[in-house]
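Asker: This is the content of my_file20.cif (mmCIF, C-alpha atoms):
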```cif
data_input
loop_
_atom_site.label_atom_id
_atom_site.label_comp_id
_atom_site.auth_asym_id
_atom_site.auth_seq_id
_atom_site.Cartn_x
_atom_site.Cartn_y
_atom_site.Cartn_z
CA MET A 1 209.11 51.96 189.61
CA ILE A 2 209.82 50.29 192.98
CA ASP A 3 207.35 52.68 194.60
CA LEU A 4 204.69 51.61 192.11
CA ILE A 5 205.34 47.90 192.73
CA ALA A 6 205.16 48.47 196.50
CA ALA A 7 201.90 50.40 196.12
CA LEU A 8 200.40 47.66 193.92
CA LEU A 9 201.44 44.93 196.38
CA MET A 10 199.92 46.99 199.19
CA ALA A 11 196.67 47.34 197.26
CA VAL A 12 196.52 43.59 196.59
CA ALA A 13 197.26 42.82 200.27
CA ALA A 14 194.66 45.33 201.44
CA VAL A 15 191.95 43.93 199.14
CA THR A 16 192.79 40.35 200.18
CA SER A 17 192.59 41.37 203.84
CA ILE A 18 189.10 42.81 203.26
CA VAL A 19 187.94 39.53 201.70
CA PHE A 20 189.35 37.48 204.57
CA THR A 21 187.88 39.81 207.19
CA TYR A 22 184.45 39.34 205.60
CA LEU A 23 184.96 35.56 205.50
CA ALA A 24 186.03 35.54 209.17
CA VAL A 25 182.87 37.43 210.12
CA VAL A 26 180.38 35.25 208.21
CA GLU A 27 182.06 31.85 208.71
CA LYS A 28 180.01 29.57 210.98
CA ASN A 29 182.87 27.17 211.70
CA LEU A 30 184.84 29.09 214.31
CA ILE A 31 188.14 27.28 213.72
CA GLN A 32 188.06 28.26 210.04
CA ALA A 33 187.16 31.80 211.09
CA VAL A 34 190.33 31.95 213.22
CA VAL A 35 192.41 30.82 210.25
CA PHE A 36 190.81 33.51 208.05
CA SER A 37 191.58 36.08 210.73
CA ALA A 38 195.21 34.92 210.84
CA VAL A 39 195.47 35.31 207.04
CA GLN A 40 194.13 38.86 207.41
CA SER A 41 196.84 39.50 210.05
CA THR A 42 199.51 38.25 207.66
CA MET A 43 198.25 40.61 204.96
CA TYR A 44 198.42 43.51 207.43
CA ALA A 45 201.98 42.49 208.36
CA LEU A 46 202.89 42.63 204.66
CA ILE A 47 201.35 46.11 204.37
CA TYR A 48 203.31 47.31 207.42
CA PHE A 49 206.49 45.92 205.89
CA LEU A 50 205.84 47.74 202.62
CA LEU A 51 205.09 50.95 204.55
CA MET A 52 208.62 50.60 206.01
CA ALA A 53 207.52 49.91 209.58
CA PRO A 54 209.61 46.81 210.42
CA ASP A 55 209.14 47.31 214.17
CA ILE A 56 205.40 46.80 213.78
CA VAL A 57 205.93 43.78 211.51
CA LEU A 58 208.07 42.10 214.15
CA VAL A 59 205.36 42.49 216.78
CA TYR A 60 202.44 41.83 214.41
CA LEU A 61 203.71 38.46 213.19
CA PRO A 62 204.09 36.67 216.57
CA VAL A 63 200.96 38.27 218.01
CA GLY A 64 198.71 38.08 214.94
CA VAL A 65 199.73 34.64 213.72
CA GLY A 66 201.02 32.94 216.87
CA ILE A 67 199.53 34.10 220.16
CA TYR A 68 196.12 35.51 219.18
CA PRO A 69 194.94 32.45 217.17
CA ALA A 70 196.32 30.19 219.91
CA ILE A 71 194.29 31.92 222.65
CA ILE A 72 191.12 31.99 220.51
CA LEU A 73 191.55 28.32 219.55
CA LEU A 74 192.04 27.36 223.22
CA LEU A 75 188.84 29.22 224.09
CA ILE A 76 186.91 27.64 221.17
CA LYS A 77 188.02 24.23 222.44
CA LYS A 78 186.13 24.94 225.68
CA THR A 79 182.90 25.93 223.85
CA ASP A 80 181.11 24.90 220.64
CA LYS A 81 183.09 24.67 217.43
CA VAL A 82 180.18 25.92 215.31
CA ASP A 83 178.42 29.22 215.81
CA GLU A 84 174.64 28.81 215.53
CA MET B 1 180.56 29.37 200.20
CA LYS B 2 177.46 30.65 198.42
CA VAL B 3 177.10 33.02 195.49
CA THR B 4 175.66 35.73 197.78
CA ASP B 5 178.82 35.55 199.92
CA LEU B 6 180.97 36.18 196.86
CA VAL B 7 178.75 39.06 195.75
CA VAL B 8 178.90 40.70 199.19
CA ALA B 9 182.71 40.24 199.40
CA ALA B 10 183.14 41.68 195.89
CA SER B 11 180.94 44.68 196.69
CA ILE B 12 182.90 45.40 199.91
CA VAL B 13 186.15 45.26 197.91
CA ALA B 14 184.63 47.57 195.27
CA LEU B 15 183.57 50.01 198.00
CA ALA B 16 187.09 50.03 199.47
CA LEU B 17 188.67 50.55 196.05
CA LEU B 18 186.24 53.37 195.17
CA LEU B 19 186.86 55.05 198.54
CA SER B 20 190.63 54.84 198.09
CA TYR B 21 190.31 56.24 194.54
CA ALA B 22 188.24 59.15 195.86
CA MET B 23 190.89 59.68 198.55
CA PHE B 24 193.63 59.60 195.89
CA LEU B 25 191.81 62.31 193.94
CA GLY B 26 191.55 64.41 197.11
CA GLY B 27 187.79 64.01 197.52
CA ILE B 28 187.92 63.20 201.23
CA GLY B 29 190.55 65.73 202.23
CA PRO B 30 194.08 66.86 201.38
CA VAL B 31 196.55 63.98 201.06
CA PRO B 32 199.97 64.59 202.69
CA VAL B 33 202.83 64.51 200.19
CA ARG B 34 205.07 61.54 200.90
CA SER B 35 208.44 63.05 200.09
CA GLU B 36 208.12 65.82 202.68
CA LEU B 37 209.43 65.03 206.17
CA ARG B 38 207.80 66.89 209.04
CA THR B 39 210.05 68.86 211.39
CA LEU B 40 209.28 66.60 214.34
CA ALA B 41 210.26 63.46 212.37
CA LEU B 42 213.36 65.20 211.03
CA ASN B 43 214.43 66.16 214.57
CA TYR B 44 214.10 62.58 215.80
CA ILE B 45 216.04 61.23 212.81
CA LEU B 46 218.84 63.78 213.18
CA LEU B 47 219.13 63.47 216.97
CA THR B 48 218.60 59.78 217.74
CA TYR B 49 222.32 59.04 217.22
CA ASN B 50 224.23 62.29 217.39
CA PRO B 51 227.39 62.33 219.56
CA ALA B 52 227.84 66.04 218.79
CA LYS B 53 224.55 66.93 220.54
CA ILE B 54 224.47 64.43 223.39
CA ILE B 55 222.05 66.47 225.52
CA TYR B 56 219.32 65.89 222.91
CA SER B 57 220.45 62.44 221.75
CA ALA B 58 219.62 58.90 222.87
CA LEU B 59 222.88 57.62 221.30
CA ALA B 60 221.00 54.70 219.73
CA PRO B 61 220.88 54.30 215.93
CA GLU B 62 217.34 52.85 216.06
CA GLY B 63 214.96 55.77 216.20
CA VAL B 64 211.82 53.84 217.11
CA THR B 65 213.32 52.25 220.22
CA ALA B 66 214.82 55.60 221.18
CA ILE B 67 211.39 57.25 220.96
CA VAL B 68 209.60 54.39 222.69
CA TRP B 69 211.93 54.07 225.68
CA ASP B 70 213.80 57.37 225.90
CA TYR B 71 211.93 60.35 224.46
CA ARG B 72 208.48 58.91 225.29
CA GLY B 73 209.52 56.48 228.05
CA LEU B 74 206.73 57.29 230.47
CA ASP B 75 204.03 56.46 227.88
CA THR B 76 205.60 53.06 227.26
CA TYR B 77 205.90 52.42 230.98
CA PHE B 78 202.17 52.90 231.47
CA GLU B 79 201.41 50.76 228.40
CA THR B 80 203.43 47.97 229.97
CA ALA B 81 201.59 48.53 233.26
CA VAL B 82 198.19 48.28 231.50
CA MET B 83 199.18 44.97 229.94
CA PHE B 84 200.39 43.79 233.34
CA LEU B 85 197.01 44.71 234.82
CA ALA B 86 195.20 42.71 232.10
CA ILE B 87 197.32 39.66 232.85
CA ILE B 88 196.83 40.12 236.61
CA SER B 89 193.05 40.08 236.09
CA VAL B 90 193.28 36.92 233.95
CA VAL B 91 195.27 35.26 236.73
CA ALA B 92 192.90 36.57 239.42
CA LEU B 93 189.94 34.92 237.63
CA THR B 94 191.60 31.52 237.96
CA HIS B 95 193.12 32.14 241.37
CA GLY B 96 193.76 28.89 243.20
CA CYS B 97 193.56 26.64 240.11
CA LYS B 98 196.39 24.17 239.84
CA VAL B 99 197.53 21.97 236.94
CA ARG B 100 196.49 18.39 237.67
CA ILE B 101 198.96 16.07 235.97
CA GLY B 102 197.46 13.09 234.13
CA LEU B 103 194.22 14.62 232.87
CA GLY B 104 195.22 14.93 229.21
CA LYS B 105 196.60 12.49 226.68
CA GLY B 106 200.14 13.87 226.74
CA GLY B 107 200.38 15.85 223.53
CA MET B 108 200.81 15.04 219.86
CA SER B 109 202.73 12.35 217.99
CA LEU B 110 206.48 11.73 218.19
CA ILE B 111 207.09 13.35 214.78
CA VAL B 112 205.50 16.64 215.84
CA LYS B 113 207.29 16.54 219.18
CA THR B 114 210.71 16.02 217.58
CA THR B 115 210.13 18.82 215.07
CA THR B 116 209.07 21.13 217.89
CA ARG B 117 212.18 20.18 219.85
CA ILE B 118 214.31 21.35 216.92
CA LEU B 119 212.24 24.49 216.22
CA MET B 120 211.80 25.77 219.76
CA PRO B 121 215.44 26.76 220.48
CA LEU B 122 215.52 28.55 217.11
CA ILE B 123 212.38 30.58 217.96
CA VAL B 124 213.78 31.49 221.37
CA LEU B 125 217.11 32.42 219.76
CA ALA B 126 215.33 34.64 217.22
CA GLY B 127 213.46 36.33 220.08
CA VAL B 128 216.67 36.91 222.05
CA SER B 129 218.34 38.26 218.91
CA ILE B 130 215.45 40.68 218.22
CA THR B 131 215.67 41.85 221.84
CA MET B 132 219.44 42.20 221.99
CA HIS B 133 219.58 44.21 218.76
CA GLY B 134 216.63 46.40 219.72
CA TRP B 135 218.71 49.59 219.89
CA LEU B 136 220.59 48.88 216.63
CA THR B 137 218.04 47.31 214.26
CA PRO B 138 214.21 47.18 214.17
CA GLY B 139 212.86 45.25 217.09
CA GLY B 140 213.04 45.52 220.84
CA GLY B 141 211.73 44.14 224.07
CA PHE B 142 208.08 43.65 223.16
CA GLN B 143 208.85 42.12 219.76
CA GLY B 144 211.45 39.74 221.18
CA GLY B 145 209.27 38.82 224.15
CA ALA B 146 206.27 38.05 221.94
CA THR B 147 208.46 35.86 219.71
CA ILE B 148 209.73 33.95 222.76
CA ALA B 149 206.13 33.47 223.93
CA VAL B 150 205.33 31.77 220.60
CA ALA B 151 207.77 29.01 221.64
CA THR B 152 205.65 28.47 224.77
CA VAL B 153 202.50 28.27 222.62
CA LEU B 154 204.16 25.66 220.42
CA ALA B 155 205.32 23.64 223.44
CA LEU B 156 201.87 23.85 225.02
CA VAL B 157 200.12 22.57 221.89
CA THR B 158 202.54 19.77 221.04
CA TYR B 159 203.64 18.63 224.52
CA SER B 160 200.51 19.42 226.62
CA ILE B 161 200.26 21.54 229.76
CA ASP B 162 201.38 18.60 231.95
CA THR B 163 204.86 18.51 230.43
CA LEU B 164 205.24 22.27 230.88
CA ALA B 165 204.24 21.98 234.55
CA LYS B 166 206.71 19.12 235.03
CA HIS B 167 209.52 21.26 233.60
CA GLY B 168 208.80 24.07 236.02
CA ILE B 169 206.88 26.44 233.71
CA ARG B 170 204.15 27.18 236.27
CA LYS B 171 201.90 30.13 236.98
CA LYS B 172 203.76 31.28 240.09
CA ILE B 173 207.18 31.27 238.43
CA LEU B 174 205.92 33.10 235.34
CA LEU B 175 204.15 35.69 237.49
CA ALA B 176 207.36 36.20 239.48
CA MET B 177 209.32 36.64 236.21
CA ARG B 178 206.72 39.08 234.94
CA SER B 179 206.93 41.12 238.15
CA THR B 180 210.74 41.05 238.08
CA GLY B 181 210.66 42.51 234.56
CA LEU B 182 208.30 45.31 235.53
CA ILE B 183 210.27 46.15 238.70
CA GLY B 184 213.45 46.13 236.58
CA ILE B 185 211.92 48.65 234.17
CA ALA B 186 210.81 50.86 237.07
CA LEU B 187 214.28 50.67 238.69
CA THR B 188 216.00 51.53 235.39
CA ALA B 189 213.68 54.53 235.07
CA VAL B 190 214.68 55.94 238.46
CA ALA B 191 218.27 54.60 238.61
CA LEU B 192 219.93 57.88 237.62
CA LEU B 193 217.55 59.81 239.89
CA ILE B 194 218.64 57.71 242.89
CA ILE B 195 222.33 58.11 241.99
CA GLY B 196 221.76 61.84 241.52
CA LEU B 197 220.15 62.12 244.96
CA ALA B 198 223.01 60.16 246.54
CA VAL B 199 225.75 62.19 244.86
CA GLY B 200 223.92 65.48 245.08
CA VAL B 201 223.60 66.13 241.33
CA ASN B 202 220.51 67.09 239.38
CA ALA B 203 218.86 64.16 237.53
CA TYR B 204 215.58 63.28 235.83
CA ILE B 205 213.21 60.34 235.72
CA PHE B 206 213.64 58.22 232.54
CA GLN B 207 216.99 59.90 231.91
CA ASN B 208 219.29 58.11 229.49
CA GLN B 209 222.22 60.32 228.46
CA GLU B 210 223.44 63.64 229.78
CA ARG B 211 220.61 66.15 229.77
CA MET B 212 220.43 69.88 230.32
CA GLY B 213 221.73 70.52 233.86
CA SER B 214 222.50 66.89 234.62
CA PRO B 215 225.87 65.25 233.91
CA LEU B 216 224.76 61.70 234.79
CA ALA B 217 224.45 59.12 231.97
CA PHE B 218 224.14 55.39 231.33
CA PRO B 219 227.21 53.90 229.58
CA ALA B 220 226.50 54.43 225.88
CA TYR B 221 229.11 52.04 224.44
CA PHE B 222 230.15 48.48 225.22
CA SER B 223 233.54 47.62 223.65
CA GLY B 224 232.92 50.11 220.86
CA THR B 225 229.32 49.10 220.06
CA PRO B 226 226.50 51.52 220.90
CA THR B 227 224.22 50.14 223.63
CA GLY B 228 221.75 53.01 223.72
CA GLY B 229 222.47 53.47 227.44
CA SER B 230 219.30 52.67 229.35
CA LEU B 231 217.61 51.22 226.22
CA LEU B 232 219.59 47.99 226.73
CA PHE B 233 218.11 47.49 230.21
CA TYR B 234 214.59 48.51 229.17
CA ASN B 235 214.63 46.07 226.25
CA LEU B 236 215.97 43.22 228.38
CA PHE B 237 213.44 43.68 231.18
CA GLU B 238 210.58 44.26 228.73
CA ALA B 239 211.39 41.03 226.87
CA PHE B 240 211.47 39.25 230.22
CA ALA B 241 208.14 40.71 231.28
CA VAL B 242 206.34 40.23 227.95
CA SER B 243 207.49 36.66 227.32
CA ALA B 244 206.50 35.62 230.84
CA GLY B 245 203.22 37.55 230.72
CA LEU B 246 202.02 36.20 227.38
CA SER B 247 203.08 32.65 228.33
CA LEU B 248 201.11 33.06 231.54
CA ALA B 249 197.99 34.19 229.66
CA ILE B 250 198.27 31.19 227.31
CA ILE B 251 198.78 28.71 230.18
CA VAL B 252 195.86 30.12 232.16
CA THR B 253 193.50 29.92 229.16
CA SER B 254 194.54 26.34 228.51
CA LEU B 255 193.65 25.16 232.03
CA ARG B 256 191.14 22.30 231.72
CA GLU B 257 187.57 22.28 232.91
CA GLU B 258 188.23 19.86 235.77
CA GLU B 259 190.94 22.12 237.15
CA VAL B 260 188.88 25.31 237.04
CA LYS B 261 185.43 24.02 237.96
CA GLU B 262 185.93 23.81 241.72
CA THR B 263 187.37 27.30 241.99
CA LEU B 264 184.66 28.84 239.81
CA ARG B 265 181.96 27.21 241.93
CA GLY B 266 183.55 28.65 245.02
CA GLU B 267 184.67 25.35 246.51
CA GLY B 268 188.16 24.78 247.79
CA VAL B 269 188.77 28.50 248.44
CA GLU B 270 188.89 29.77 251.99
#
```
Represent the structure from my file as structure tokens, please.
Answerer:
Amino acid sequence: MIDLIAALLMAVAAVTSIVFTYLAVVEKNLIQAVVFSAVQSTMYALIYFLLMAPDIVLVYLPVGVGIYPAIILLLIKKTDKVDE
Amino acid sequence: MKVTDLVVAASIVALALLLSYAMFLGGIGPVPVRSELRTLALNYILLTYNPAKIIYSALAPEGVTAIVWDYRGLDTYFETAVMFLAIISVVALTHGCKVRIGLGKGGMSLIVKTTTRILMPLIVLAGVSITMHGWLTPGGGFQGGATIAVATVLALVTYSIDTLAKHGIRKKILLAMRSTGLIGIALTAVALLIIGLAVGVNAYIFQNQERMGSPLAFPAYFSGTPTGGSLLFYNLFEAFAVSAGLSLAIIVTSLREEEVKETLRGEGVE
């Protein structure tokens, strides 16, 4: 039963991550694209947690949600905010 | 968001679901059965903390850290070196750029600053905790170091780069910390080898506990708690190196146009 719930949660997280990846690719506003990408990272972190890989979760959360969006946002600040 | 966007997203999701269903039915290839543990995995699980077979054991209950820093230590060392190289190149691009105090507006509002002041010690504490339990629970040097670097990101965004520079978080200091961490890892890797050469006993590079033909070992317990021997030092130095390195990358990318322009044009450099 618990296995089934974990598998279902993983499926939901995986499907959500696909949607957000697509949104991050097509979004013209780069700041929103970074936020979509961060949501996708969070979904991946959830999948890693459900796959019983807590070591990867602990590194994926600070890097995927903290440092990577921060660096991209700092770089966007130096260029245009909208991709034409 | 247009209707076409939704249609494309839905079709990508449908493709992924169909592919996974085909995989589940075995259409793409045989699916490994989950309940079976491979011999290699079983060996690591049985030997990672096994005082009866010390010559194969890392004496650390956390298998992942034991594999990363003991059984496969050399791989991890070169990974760390690659990341160090990346950060060196980022720093080399902005060589000679200095933070000029007074260019920005001085950060966000008082509310955000106060909240950050409360949150930052907690983030650093969580990072230290992840690092210092790396050989007992999931986590380790890289995880802890990355968490500590998030505190720097938060401080940079809310307080501005000027405040960081005033408090001594500068490029040179961070680079020195980063190098200290990497040198520490290298020294830990050859520590037993040097002792072995001095005493005249056989020893190996990246040796943790007693190995075949070598009686030397790092202390495996501290007041009754397992320390994983060399894993303690590796985790500490790695956290040091990673937190300083990632903070450095963030600070360098947040340098302002006025500070970088002269160097990029080639002025002001001898």
Asker: Counting all atoms listed in the file, a student should be able to say which residues of chain A come within 10 Å of chain B; what is the right answer, written as a ChimeraX atom specification?
Answerer: /A:11,14-23,26-27,53-63,65-68,70-75,77-78
Asker: Next, the residues of the selection above should be written as a PDB file, keeping the file's coordinate frame with C-alpha atoms.
Answerer:
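What follows is the written file result_22.pdb:
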```
ATOM      1  CA  ALA A  11     196.670  47.340 197.260  1.00  0.00           C
ATOM      2  CA  ALA A  14     194.660  45.330 201.440  1.00  0.00           C
ATOM      3  CA  VAL A  15     191.950  43.930 199.140  1.00  0.00           C
ATOM      4  CA  THR A  16     192.790  40.350 200.180  1.00  0.00           C
ATOM      5  CA  SER A  17     192.590  41.370 203.840  1.00  0.00           C
ATOM      6  CA  ILE A  18     189.100  42.810 203.260  1.00  0.00           C
ATOM      7  CA  VAL A  19     187.940  39.530 201.700  1.00  0.00           C
ATOM      8  CA  PHE A  20     189.350  37.480 204.570  1.00  0.00           C
ATOM      9  CA  THR A  21     187.880  39.810 207.190  1.00  0.00           C
ATOM     10  CA  TYR A  22     184.450  39.340 205.600  1.00  0.00           C
ATOM     11  CA  LEU A  23     184.960  35.560 205.500  1.00  0.00           C
ATOM     12  CA  VAL A  26     180.380  35.250 208.210  1.00  0.00           C
ATOM     13  CA  GLU A  27     182.060  31.850 208.710  1.00  0.00           C
ATOM     14  CA  ALA A  53     207.520  49.910 209.580  1.00  0.00           C
ATOM     15  CA  PRO A  54     209.610  46.810 210.420  1.00  0.00           C
ATOM     16  CA  ASP A  55     209.140  47.310 214.170  1.00  0.00           C
ATOM     17  CA  ILE A  56     205.400  46.800 213.780  1.00  0.00           C
ATOM     18  CA  VAL A  57     205.930  43.780 211.510  1.00  0.00           C
ATOM     19  CA  LEU A  58     208.070  42.100 214.150  1.00  0.00           C
ATOM     20  CA  VAL A  59     205.360  42.490 216.780  1.00  0.00           C
ATOM     21  CA  TYR A  60     202.440  41.830 214.410  1.00  0.00           C
ATOM     22  CA  LEU A  61     203.710  38.460 213.190  1.00  0.00           C
ATOM     23  CA  PRO A  62     204.090  36.670 216.570  1.00  0.00           C
ATOM     24  CA  VAL A  63     200.960  38.270 218.010  1.00  0.00           C
ATOM     25  CA  VAL A  65     199.730  34.640 213.720  1.00  0.00           C
ATOM     26  CA  GLY A  66     201.020  32.940 216.870  1.00  0.00           C
ATOM     27  CA  ILE A  67     199.530  34.100 220.160  1.00  0.00           C
ATOM     28  CA  TYR A  68     196.120  35.510 219.180  1.00  0.00           C
ATOM     29  CA  ALA A  70     196.320  30.190 219.910  1.00  0.00           C
ATOM     30  CA  ILE A  71     194.290  31.920 222.650  1.00  0.00           C
ATOM     31  CA  ILE A  72     191.120  31.990 220.510  1.00  0.00           C
ATOM     32  CA  LEU A  73     191.550  28.320 219.550  1.00  0.00           C
ATOM     33  CA  LEU A  74     192.040  27.360 223.220  1.00  0.00           C
ATOM     34  CA  LEU A  75     188.840  29.220 224.090  1.00  0.00           C
ATOM     35  CA  LYS A  77     188.020  24.230 222.440  1.00  0.00           C
ATOM     36  CA  LYS A  78     186.130  24.940 225.680  1.00  0.00           C
TER      37      LYS A  78
END
```
Asker: Please measure the separation of atom CA of Leu248 of chain B and atom CA of Val124 of chain B, giving the value in Å to one decimal.
Answerer: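 Going from atom CA of Leu248 of chain B over to atom CA of Val124 of chain B, I get 16.3 Å.
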Asker: Step by step, work through what the PyMOL selection byres ((chain B and resi 214) around 7) selects in the shown file, and finish by giving those residues as a PyMOL selection string.
Answerer: chain B and resi 201-203+210-213+215-216
Asker: Starting from the PyMOL selection byres ((chain B and resi 102) around 12), expand the selection into actual residues of this file and give them as a PyMOL selection string.
Answerer: chain B and resi 99-101+103-107+160-163+165-166+256+258-259
Asker: Tell me, as JSON, numbers by chain, which residues lie within 9 Å of segment 231-236 of chain B, counting all atoms listed in the file; anything in the same chain fewer than 6 positions away does not count.
Answerer: {"B": [58, 60, 65, 66, 69, 70, 128, 131, 132, 133, 134, 135, 140, 141, 142, 144, 181, 184, 185, 188, 189, 208]}
Asker: Can you tell me how far atom CA of Val199 of chain B sits from atom CA of Ser230 of chain B, in Å to one decimal?
Answerer: 19.3 Å
Asker: Applied to this file, what does the PyMOL selection byres ((chain A and resi 46) around 10) return in terms of residues, put as a ChimeraX atom specification?
Answerer: /A:9-10,13-14,40-45,47-54,57,60-61
Asker: One decimal, Å: what's the distance from atom CA of Val82 of chain A over to atom CA of Lys261 of chain B, could you say?
Answerer: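 Here the two named atoms are 23.3 Å from each other.
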Asker: With distances taken over all atoms listed in the file, which residue among A:Ile2, A:Asp83, A:Lys28, A:Val34 lies nearest Pro69 of chain A?
Answerer: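 Nearest to Pro69 of chain A: A:Val34.
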Asker: Please provide the set of residues having any atom within 6 Å of Arg178 of chain B, restricted to all atoms listed in the file, with same-chain residues fewer than 2 positions apart removed, written as a PyMOL selection string.
Answerer: chain B and resi 175-176+180-181+241+244-245
Asker: Looking at B:Leu174, B:Leu47, B:Val68, B:Val91, which one is nearest to Phe206 of chain B, with distances taken over all atoms listed in the file?
Answerer: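 Closest residue, counting all atoms listed in the file: B:Val68.
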Asker: Using only C-alpha atoms, can you tell me which of B:Arg170, B:Thr116, B:Ala81, B:Ala92 comes closest to Glu238 of chain B?
Answerer: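 Distance minimum relative to Glu238 of chain B lands on B:Ala81.
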Asker: Which neighbours of Tyr56 of chain B fall inside 10 Å, counting only C-alpha atoms, when residues of the same chain fewer than 4 positions from it are skipped, and could you give them as a PyMOL selection string?
Answerer: chain B and resi 43-44+46-52+71+209-212
Asker: Determine the axis-aligned bounding box of all atoms of segment 40-46 of chain B present in the file, pad each side by 8 Å, and express its centre and edge lengths in Å to one decimal place as JSON.
Answerer:
```
{"center_x": 214.1, "center_y": 63.9, "center_z": 213.4, "size_x": 25.6, "size_y": 21.4, "size_z": 20.8}
```
Asker: Please output segment 10-22 of chain A, rebuilt to include N, CA and C atoms, as a compact mmCIF listing (two decimals), keeping the file's coordinate frame.
Answerer:
```txt
# COMPACT_ATOMS: atom_id res chain seq x y z
N MET A 10 200.71 46.54 198.05
CA MET A 10 199.92 46.99 199.19
C MET A 10 198.45 46.93 198.87
N ALA A 11 198.08 47.36 197.65
CA ALA A 11 196.67 47.34 197.26
C ALA A 11 196.14 45.91 197.24
N VAL A 12 196.94 44.99 196.65
CA VAL A 12 196.52 43.59 196.59
C VAL A 12 196.34 43.04 198.01
N ALA A 13 197.33 43.33 198.88
CA ALA A 13 197.26 42.82 200.27
C ALA A 13 196.05 43.40 200.98
N ALA A 14 195.78 44.69 200.76
CA ALA A 14 194.66 45.33 201.44
C ALA A 14 193.33 44.72 201.00
N VAL A 15 193.19 44.51 199.66
CA VAL A 15 191.95 43.93 199.14
C VAL A 15 191.77 42.50 199.66
N THR A 16 192.87 41.72 199.66
CA THR A 16 192.79 40.35 200.18
C THR A 16 192.38 40.36 201.65
N SER A 17 192.93 41.32 202.41
CA SER A 17 192.59 41.37 203.84
C SER A 17 191.10 41.68 204.03
N ILE A 18 190.54 42.51 203.15
CA ILE A 18 189.10 42.81 203.26
C ILE A 18 188.28 41.53 203.05
N VAL A 19 188.66 40.77 202.00
CA VAL A 19 187.94 39.53 201.70
C VAL A 19 188.00 38.58 202.89
N PHE A 20 189.21 38.44 203.47
CA PHE A 20 189.35 37.48 204.57
C PHE A 20 188.66 37.96 205.85
N THR A 21 188.62 39.28 206.04
CA THR A 21 187.88 39.81 207.19
C THR A 21 186.41 39.45 207.05
N TYR A 22 185.87 39.66 205.83
CA TYR A 22 184.45 39.34 205.60
C TYR A 22 184.21 37.85 205.84
```
